[in-house]
Amino acid sequence: MAAQQNKVYMSHPEDGVTTYTNLKLYRAPDAAGVAGAFTLIATLAIDSSDEYTEYTDTGGEDTSWYQWKWSHPTSGAVDSNPSPAILAGDSVVRQWLKGDIGDADIDNAKWDRWTKQTLIDLYNRGIWKPVRASITITKNGDGTYLERYGVLGTIRDIIDVEQVSNDAYLLHYNWLRSGEWVRDGRQVRLIAPSDTVKYVVHGKAQYASIGELTDDYFMLAYRMIRLRLLEYRLGQRSNFYRWTIYDKVSDISPSDIRAMIQDARVEISEDIKNLALPEPMVGFSFTGRL
């Protein structure tokens, strides 16, 4: 197998006992469907600004297994027990679904496709994460300021542009008013840019992986992927005559599946209503140091 980039999302400790500061990531080769011997490949500081720590393993393969430990090296090299082993590209949601449902004909490719579709649906239905990216003001050859600037590729929608101090403190100055900046496709146009300040673009991003989701969103994604499975099962039965696909004793009827689909849609709709993020007003972020 050729080496590839595997993204690993490591959850943070919640034991309430030891204050861990680092993560130790281990990789193992596949051994007939299970993890082989694990080898330490990285020691990382826990990303305290988020609910997980992300790592890209450039030396992994699509059959690699991963697990991690939480570590507190300044307290006698205290390590936690290892996390459950997880296959590259796998996710806890997929493991739960496979464990709860156990349908052998649902391969990983289907779970992966439904997961990607669900992440897109989450964004379209108001489940997104706020992101920000700095703009470096540059000049044209004639000394005039360049007005159009590309934004961070993960930003799906630009919300606002902020001016901050042009130093290490990045103190908030002000939000640009309407007419001082314009959305221009995948760019921001600054009407009168200046290199005496810095500019920060605030926007919305789609979650890139199930591993990024907080607990509430995680369970919503679980239900949405399960709904796709139900719709898949209904489609299977619709493509065959009744007497060739199920019987009243051993299988579930299409009408029962439709009822389950309806219940799932109601549940998901209620979750979306409670969890969807409103469009922020101008100046939605804090003032002061970023």
# chains A, B, ... in the order shown; residues from 1 in each chain; ligands from 1
$ residues_around --residues "stretch 18-33 of chain A" --least-positions-apart "3" --cutoff "9 Å" --atoms "only C-alpha atoms" --output "ChimeraX atom specification"
/A:10,12-13,15,36-48,53,55,60-61,63-74,78-80,87
$ write_last_selection --atoms "N, CA and C atoms" --output "short mmCIF file (atom, residue, chain, number, x, y, z; two decimals), in the first residue's frame"
data_model
loop_
_atom_site.label_atom_id
_atom_site.label_comp_id
_atom_site.auth_asym_id
_atom_site.auth_seq_id
_atom_site.Cartn_x
_atom_site.Cartn_y
_atom_site.Cartn_z
N MET A 10 -8.31 13.17 17.86
CA MET A 10 -8.16 12.56 19.17
C MET A 10 -8.97 13.32 20.21
N HIS A 12 -10.38 14.51 23.91
CA HIS A 12 -9.66 14.99 25.09
C HIS A 12 -10.15 14.30 26.34
N PRO A 13 -9.30 14.23 27.38
CA PRO A 13 -9.68 13.51 28.60
C PRO A 13 -10.81 14.20 29.35
N ASP A 15 -11.69 12.61 32.57
CA ASP A 15 -11.75 11.79 33.78
C ASP A 15 -11.82 12.62 35.05
N GLY A 36 -2.15 -4.64 14.45
CA GLY A 36 -0.93 -5.33 14.83
C GLY A 36 -0.26 -4.62 16.00
N ALA A 37 1.06 -4.63 16.03
CA ALA A 37 1.80 -4.01 17.13
C ALA A 37 1.84 -2.49 16.93
N PHE A 38 1.50 -1.74 17.98
CA PHE A 38 1.47 -0.28 17.90
C PHE A 38 2.85 0.31 18.17
N THR A 39 3.16 1.37 17.41
CA THR A 39 4.42 2.11 17.56
C THR A 39 4.11 3.58 17.74
N LEU A 40 4.77 4.24 18.68
CA LEU A 40 4.57 5.67 18.91
C LEU A 40 5.06 6.46 17.69
N ILE A 41 4.19 7.33 17.15
CA ILE A 41 4.58 8.12 15.98
C ILE A 41 4.57 9.62 16.24
N ALA A 42 3.93 10.06 17.33
CA ALA A 42 3.89 11.50 17.60
C ALA A 42 3.49 11.76 19.04
N THR A 43 4.09 12.80 19.62
CA THR A 43 3.68 13.32 20.92
C THR A 43 3.26 14.76 20.72
N LEU A 44 2.03 15.11 21.05
CA LEU A 44 1.46 16.41 20.73
C LEU A 44 0.94 17.09 21.98
N ALA A 45 1.01 18.41 21.99
CA ALA A 45 0.34 19.17 23.04
C ALA A 45 -1.15 19.14 22.78
N ILE A 46 -1.95 18.94 23.80
CA ILE A 46 -3.40 18.94 23.65
C ILE A 46 -3.86 20.32 23.21
N ASP A 47 -4.67 20.37 22.19
CA ASP A 47 -5.20 21.63 21.68
C ASP A 47 -6.34 22.09 22.60
N SER A 48 -5.99 22.91 23.59
CA SER A 48 -6.98 23.33 24.59
C SER A 48 -8.03 24.28 24.03
N THR A 53 -7.96 17.12 19.31
CA THR A 53 -6.68 17.49 18.71
C THR A 53 -6.53 16.74 17.41
N TYR A 55 -4.40 15.50 14.02
CA TYR A 55 -3.05 15.20 13.55
C TYR A 55 -3.14 14.54 12.18
N GLY A 60 1.03 7.14 6.96
CA GLY A 60 0.07 6.06 7.16
C GLY A 60 -0.40 5.44 5.86
N GLU A 61 -1.18 4.37 5.99
CA GLU A 61 -1.80 3.70 4.86
C GLU A 61 -3.29 3.58 5.13
N THR A 63 -4.90 1.09 5.49
CA THR A 63 -5.16 -0.04 6.38
C THR A 63 -4.54 0.17 7.77
N SER A 64 -3.99 1.35 8.03
CA SER A 64 -3.34 1.62 9.33
C SER A 64 -4.36 1.73 10.44
N TRP A 65 -3.93 1.33 11.63
CA TRP A 65 -4.75 1.46 12.84
C TRP A 65 -4.11 2.51 13.75
N TYR A 66 -4.93 3.18 14.56
CA TYR A 66 -4.44 4.22 15.46
C TYR A 66 -5.07 4.07 16.85
N GLN A 67 -4.32 4.49 17.82
CA GLN A 67 -4.84 4.68 19.18
C GLN A 67 -3.96 5.72 19.86
N TRP A 68 -4.45 6.30 20.95
CA TRP A 68 -3.68 7.34 21.63
C TRP A 68 -3.84 7.25 23.13
N LYS A 69 -2.89 7.86 23.81
CA LYS A 69 -2.94 7.97 25.26
C LYS A 69 -2.84 9.44 25.63
N TRP A 70 -3.46 9.81 26.74
CA TRP A 70 -3.27 11.14 27.31
C TRP A 70 -2.09 11.08 28.26
N SER A 71 -1.28 12.12 28.26
CA SER A 71 -0.03 12.09 29.01
C SER A 71 0.16 13.37 29.82
N HIS A 72 0.81 13.22 30.97
CA HIS A 72 1.18 14.37 31.79
C HIS A 72 2.65 14.22 32.15
N PRO A 73 3.56 14.61 31.24
CA PRO A 73 4.99 14.31 31.42
C PRO A 73 5.62 15.00 32.62
N THR A 74 5.05 16.11 33.09
CA THR A 74 5.66 16.81 34.22
C THR A 74 5.22 16.24 35.56
N VAL A 78 2.90 10.49 33.71
CA VAL A 78 1.63 9.78 33.89
C VAL A 78 0.92 9.63 32.55
N ASP A 79 0.59 8.40 32.17
CA ASP A 79 -0.15 8.14 30.95
C ASP A 79 -1.49 7.49 31.28
N SER A 80 -2.49 7.79 30.46
CA SER A 80 -3.79 7.14 30.61
C SER A 80 -3.76 5.77 29.95
N LEU A 87 -9.52 2.20 12.89
CA LEU A 87 -8.94 2.06 11.56
C LEU A 87 -8.91 3.39 10.84
#
$ residues_around --residues "stretch 96-110 of chain A" --least-positions-apart "5" --cutoff "12 Å" --atoms "only C-alpha atoms" --output "ChimeraX atom specification"
/A:87-91,115-117,218-219,221-230,232-233,236
$ closest_residue --among "A:Trp114, A:Arg186, A:Trp175, A:Asn81" --to "A:Glu231" --atoms "only C-alpha atoms"
A:Trp114
$ select_by_dssp --residues "stretch 150-282 of chain A" --states "strand (DSSP E or B)" --output "JSON, numbers by chain"
{"A": [150, 155, 156, 157, 158, 159, 160, 161, 162, 163, 164, 165, 171, 172, 173, 174, 175, 178, 181, 182, 183, 184, 187, 188, 189, 190, 197, 198, 199, 200, 201, 202, 203, 204, 205]}
$ atom_distance --atom1 "atom CA of A:Arg156" --atom2 "atom CA of A:Ala133"
12.4 Å
$ atom_distance --atom1 "atom CA of A:Tyr149" --atom2 "atom CA of A:Ser165"
18.8 Å
$ select_by_dssp --residues "stretch 53-269 of chain A" --states "helix (DSSP H, G or I)" --output "ChimeraX atom specification"
/A:92-101,108-124,210-212,215-238,242-245,254-269
$ decode --residues "stretch 76-229 of chain A" --atoms "C-alpha atoms" --output "compact mmCIF listing (two decimals), in the first residue's frame"
# COMPACT_ATOMS: atom_id res chain seq x y z
CA GLY A 76 6.03 11.54 36.68
CA ALA A 77 5.21 10.71 33.05
CA VAL A 78 1.63 9.78 33.89
CA ASP A 79 -0.15 8.14 30.95
CA SER A 80 -3.79 7.14 30.61
CA ASN A 81 -5.01 3.81 29.32
CA PRO A 82 -4.98 3.66 25.51
CA SER A 83 -8.04 4.63 23.51
CA PRO A 84 -9.86 1.93 21.51
CA ALA A 85 -8.02 1.09 18.29
CA ILE A 86 -9.55 2.74 15.25
CA LEU A 87 -8.94 2.06 11.56
CA ALA A 88 -7.77 4.87 9.27
CA GLY A 89 -10.75 6.76 7.88
CA ASP A 90 -13.04 5.17 10.46
CA SER A 91 -15.11 7.13 12.95
CA VAL A 92 -16.80 6.40 16.24
CA VAL A 93 -20.20 7.09 14.66
CA ARG A 94 -19.58 4.44 12.01
CA GLN A 95 -18.39 2.00 14.66
CA TRP A 96 -21.53 2.63 16.70
CA LEU A 97 -23.80 2.17 13.70
CA LYS A 98 -22.06 -1.03 12.65
CA GLY A 99 -22.22 -2.32 16.21
CA ASP A 100 -25.87 -1.35 16.74
CA ILE A 101 -27.16 -2.55 13.39
CA GLY A 102 -24.71 -5.23 12.39
CA ASP A 103 -25.79 -5.52 8.75
CA ALA A 104 -22.96 -7.29 6.97
CA ASP A 105 -23.93 -6.02 3.51
CA ILE A 106 -23.33 -2.36 4.48
CA ASP A 107 -19.67 -1.90 3.60
CA ASN A 108 -17.40 0.95 4.69
CA ALA A 109 -17.80 2.74 1.35
CA LYS A 110 -21.52 3.21 2.03
CA TRP A 111 -20.91 4.45 5.59
CA ASP A 112 -18.26 6.88 4.29
CA ARG A 113 -20.55 8.20 1.56
CA TRP A 114 -23.45 8.68 3.99
CA THR A 115 -21.12 10.39 6.46
CA LYS A 116 -19.89 12.90 3.86
CA GLN A 117 -23.46 13.59 2.73
CA THR A 118 -24.48 14.11 6.36
CA LEU A 119 -21.69 16.63 7.00
CA ILE A 120 -22.86 18.62 3.96
CA ASP A 121 -26.47 18.45 5.18
CA LEU A 122 -25.43 19.63 8.65
CA TYR A 123 -23.90 22.76 7.16
CA ASN A 124 -26.88 23.43 4.90
CA ARG A 125 -29.23 23.11 7.87
CA GLY A 126 -27.34 25.54 10.11
CA ILE A 127 -24.80 23.32 11.89
CA TRP A 128 -21.46 25.00 11.19
CA LYS A 129 -18.32 26.14 12.97
CA PRO A 130 -17.03 29.72 13.09
CA VAL A 131 -13.60 30.26 11.54
CA ARG A 132 -11.38 33.27 11.00
CA ALA A 133 -8.39 33.98 8.80
CA SER A 134 -6.03 36.93 8.50
CA ILE A 135 -5.47 38.92 5.30
CA THR A 136 -2.01 40.22 4.49
CA ILE A 137 -2.28 43.55 2.70
CA THR A 138 -0.04 43.75 -0.36
CA LYS A 139 0.72 46.39 -2.98
CA ASN A 140 0.63 46.36 -6.76
CA GLY A 141 3.72 47.16 -8.80
CA ASP A 142 2.72 50.82 -8.99
CA GLY A 143 2.53 51.16 -5.20
CA THR A 144 -1.27 51.07 -4.94
CA TYR A 145 -2.93 48.60 -2.58
CA LEU A 146 -4.35 45.36 -3.89
CA GLU A 147 -8.11 45.35 -3.19
CA ARG A 148 -9.12 41.71 -3.73
CA TYR A 149 -7.92 38.93 -1.43
CA GLY A 150 -8.64 35.20 -1.36
CA VAL A 151 -9.92 33.71 1.87
CA LEU A 152 -9.13 30.50 3.75
CA GLY A 153 -10.31 27.56 1.68
CA THR A 154 -12.44 26.14 4.51
CA ILE A 155 -14.56 29.32 4.75
CA ARG A 156 -17.86 28.54 3.02
CA ASP A 157 -19.54 31.86 3.73
CA ILE A 158 -18.04 35.20 4.81
CA ILE A 159 -19.81 36.90 7.71
CA ASP A 160 -17.75 39.95 8.55
CA VAL A 161 -14.34 41.63 8.31
CA GLU A 162 -12.55 43.05 11.35
CA GLN A 163 -9.67 45.50 11.68
CA VAL A 164 -7.11 44.62 14.36
CA SER A 165 -3.84 46.17 15.47
CA ASN A 166 -0.79 45.56 13.34
CA ASP A 167 1.26 43.99 16.14
CA ALA A 168 1.51 40.80 18.14
CA TYR A 169 -1.44 41.70 20.40
CA LEU A 170 -4.04 41.88 17.58
CA LEU A 171 -6.25 44.22 19.60
CA HIS A 172 -9.69 44.79 18.14
CA TYR A 173 -10.14 48.13 16.36
CA ASN A 174 -13.49 47.96 14.61
CA TRP A 175 -15.76 46.02 12.27
CA LEU A 176 -15.82 47.25 8.70
CA ARG A 177 -19.14 48.81 7.82
CA SER A 178 -21.26 47.96 4.82
CA GLY A 179 -19.61 49.45 1.76
CA GLU A 180 -16.08 49.17 3.20
CA TRP A 181 -15.84 45.55 2.09
CA VAL A 182 -17.64 43.38 -0.47
CA ARG A 183 -17.99 39.63 -0.99
CA ASP A 184 -16.60 38.83 -4.42
CA GLY A 185 -17.05 35.11 -4.99
CA ARG A 186 -14.27 33.35 -3.11
CA GLN A 187 -12.59 36.70 -2.44
CA VAL A 188 -13.01 39.73 -0.22
CA ARG A 189 -12.74 43.16 -1.78
CA LEU A 190 -11.53 45.87 0.59
CA ILE A 191 -12.58 49.28 -0.69
CA ALA A 192 -9.78 51.27 1.00
CA PRO A 193 -7.21 48.85 2.46
CA SER A 194 -4.30 49.98 4.60
CA ASP A 195 -1.14 48.22 5.70
CA THR A 196 -1.14 50.10 9.03
CA VAL A 197 -3.71 47.61 10.37
CA LYS A 198 -4.44 43.92 9.92
CA TYR A 199 -7.69 42.44 8.64
CA VAL A 200 -9.40 39.31 9.91
CA VAL A 201 -12.15 37.62 7.89
CA HIS A 202 -14.80 35.86 9.98
CA GLY A 203 -16.85 33.16 8.31
CA LYS A 204 -18.61 29.82 8.51
CA ALA A 205 -17.01 26.45 7.78
CA GLN A 206 -18.36 22.98 7.25
CA TYR A 207 -17.27 20.29 9.70
CA ALA A 208 -14.62 18.26 7.92
CA SER A 209 -15.02 15.06 9.90
CA ILE A 210 -17.36 13.36 12.35
CA GLY A 211 -14.43 13.53 14.77
CA GLU A 212 -14.78 17.32 14.94
CA LEU A 213 -18.36 17.27 16.22
CA THR A 214 -19.27 18.02 19.82
CA ASP A 215 -21.51 15.54 21.65
CA ASP A 216 -24.87 17.08 20.64
CA TYR A 217 -23.89 17.37 16.99
CA PHE A 218 -22.30 13.93 17.14
CA MET A 219 -25.62 12.30 18.10
CA LEU A 220 -27.45 14.32 15.46
CA ALA A 221 -25.02 13.01 12.82
CA TYR A 222 -25.58 9.48 14.13
CA ARG A 223 -29.34 9.83 13.63
CA MET A 224 -28.94 11.39 10.18
CA ILE A 225 -26.68 8.56 8.97
CA ARG A 226 -29.09 6.00 10.39
CA LEU A 227 -31.89 7.71 8.41
CA ARG A 228 -29.88 7.19 5.24
CA LEU A 229 -29.60 3.51 6.08
